[in-house]
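A short worksheet on the structure shown next.
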Amino acid sequence: MLTEQQWSKTKALLFDNDGTLTNTMPLVYYIFNQTAMELTGGVSLPVARFNRFMAENIHAVDGLIEFCKLNGHHVEHKAVLRSFNRHSIVARRSAEQFIAPIPSTLEVIKEAKRRGLPIAVVTAGPGIWAKATIKAAGLEEFFEGSVFIHNETPGLVGKKPSLDPYLLAAKELGLELKDCLVFEDADSCLTSLRAASVPTVDVRTLPNYPSTMELPHVPGAAGAAAAAASSKL
């Protein structure tokens with residue numbers, strides 16, 4: 001999966017979470033879509049637009065405000081955040097059992113552990129979400145005692161796609177960022193890292209990366225999927 005040359009040049013591996021370590025995208029989409037439908041009176045968020053939010057690392061609230069505005073609804077930041085948080089809590093309680101690890105990334109983690117290389121998590125999301133999803137995916141044992149950078153980490157200045165979270169992770173590992181191999185699935189983050197000559201792996205190019213997005217069996221998900229499939233940008 002990785003070449004021996006890549007392994008020999010790597011002193012640590014840094015992993016994004018959503019879409020890189022864990023296949024949380026169906027659940028995340030469900031939360032986005034339920035929030036969008038509540039705020040717009042029933043308009044589903046197209047999967048293609050959701051994918052753009054993810055690829056460009058657009059903050060959930062900002063993306064949903066944009067979508068609501070496009071559909072003639074002007075909503076306040078606080079209202080979007082309240083709705084998003086409420087649907088997040090409901091969805092996590094109902095659907096954590098459906099979160100799975102990304103198979104190809106899991107193989108890399110196992111090999112890194114076999115070689116004795118440190119691994120770390122660098123996520124743009126809240127720490128509580130990342131830790132819960134990593135646990136639900138059965139990956140908790142691999143990251144026990146690992147460096148864990150999230151959007152509320154003390155000392156973090158800039159957020160993804162800025163280099164700051166990755167630099168902080170490397171610093172806590174006692175390494176230079178150039179000596180770390182970063183695994184990501186967001187275009188904006190990959191672009192930022194590559195512009196700084198940081199070694200990267202686009203996990204979407206690895207074998208067995210999930211190519212379809214099946215929604216978890218949570219209340220309303222089937223209807224959301226059907227509506228999203230038929231809606232247009």
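We label chains A, B, ... in the order they appear in the structure tokens, count residues from 1 in each chain, and number ligands from 1 in the order shown.
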Open item on the list: When DSSP is applied to the backbone of this structure, which of segment 1-201 of chain A are assigned strand (DSSP E)? Write them out as a PyMOL selection string.
Closed with: chain A and resi 12-15+22-23+100-101+119-122+147-149+180-184+200-201
Selected residues, C-alpha atoms, written as a JSON list (two decimals), in the first residue's frame, please.
```json
[["chain", "number", "residue", "atom", "x", "y", "z"],
["A", 12, "ALA", "CA", 5.51, 9.40, 12.21],
["A", 13, "LEU", "CA", 2.10, 9.19, 10.58],
["A", 14, "LEU", "CA", -0.59, 11.86, 11.05],
["A", 15, "PHE", "CA", -4.21, 10.96, 10.29],
["A", 22, "THR", "CA", -13.39, 6.46, 10.09],
["A", 23, "ASN", "CA", -16.18, 6.21, 7.57],
["A", 100, "ALA", "CA", -16.65, 1.70, 10.48],
["A", 101, "PRO", "CA", -12.91, 2.16, 9.94],
["A", 119, "ILE", "CA", 0.74, 7.73, 14.93],
["A", 120, "ALA", "CA", -1.37, 10.80, 15.71],
["A", 121, "VAL", "CA", -4.81, 12.22, 14.97],
["A", 122, "VAL", "CA", -5.20, 15.70, 13.48],
["A", 147, "VAL", "CA", -0.99, 12.80, 20.15],
["A", 148, "PHE", "CA", -4.51, 14.06, 19.46],
["A", 149, "ILE", "CA", -5.06, 17.49, 17.86],
["A", 180, "CYS", "CA", 5.79, 13.06, 9.03],
["A", 181, "LEU", "CA", 3.51, 11.41, 6.47],
["A", 182, "VAL", "CA", 0.03, 12.97, 6.52],
["A", 183, "PHE", "CA", -3.11, 11.07, 5.51],
["A", 184, "GLU", "CA", -6.01, 13.26, 4.40],
["A", 200, "THR", "CA", 0.96, 13.36, 1.98],
["A", 201, "VAL", "CA", -1.30, 10.48, 1.04]]
```
TODO: Going by DSSP on the backbone, which bits of segment 2-130 of chain A are alpha helix (DSSP H)? Write them as a ChimeraX atom specification, please.
DONE: /A:4-9,25-40,47-55,60-70,77-95,103-115,127-130
- [ ] Please identify all polymer residues within 7 Å of segment 160-170 of chain A, counting only C-alpha atoms, omitting same-chain residues fewer than 6 positions from it, and present them as an MDAnalysis selection string.
- [x] chainID A and resid 57 122 124 147 149 176:177 188:189 192:193
Task: Test item: residues at most 12 Å from segment 127-144 of chain A, only C-alpha atoms, excluding those fewer than 3 positions along its chain, as a ChimeraX atom specification - done: /A:13-25,27-28,85,88-89,91-93,95-103,105-114,116-124,147-154
- [ ] Would you list the contacts of Tyr29 of chain A as a ChimeraX atom specification, taking every protein, DNA or RNA residue within 9 Å and counting only C-alpha atoms, but skipping same-chain residues closer than 4 positions in sequence?
- [x] /A:24-25,33-34,45,47,50-51,215
Open item on the list: What's the separation between atom CA of Val198 of chain A and atom CA of Pro210 of chain A, in Å to one decimal place?
Closed with: 25.2 Å
TODO: Tell me which of A:Thr35, A:Ser8, A:Ser104, A:Ser146 sits closest to Val203 of chain A, counting only C-alpha atoms.
DONE: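 So, comparing all the options, the nearest one is A:Ser104.
Near segment 75-83 of chain A, within a cut-off of 7 Å and counting only C-alpha atoms, sit the residues A:Thr35, A:Val61, A:Ile65, A:Arg86, A:His87, with same-chain residues fewer than 3 positions away left out.
A straight line drawn from atom CA of Thr10 of chain A to atom CA of Leu190 of chain A is 17.4 Å long.
Relative to atom CA of Arg52 of chain A, atom CA of Tyr209 of chain A is found at 18.1 Å.
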Task: Closest of A:His73, A:Lys171, A:Lys178, A:Lys9 to Met37 of chain A - atom-to-atom distances counting only C-alpha atoms - done: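 For Met37 of chain A, the nearest of the given residues is A:His73.
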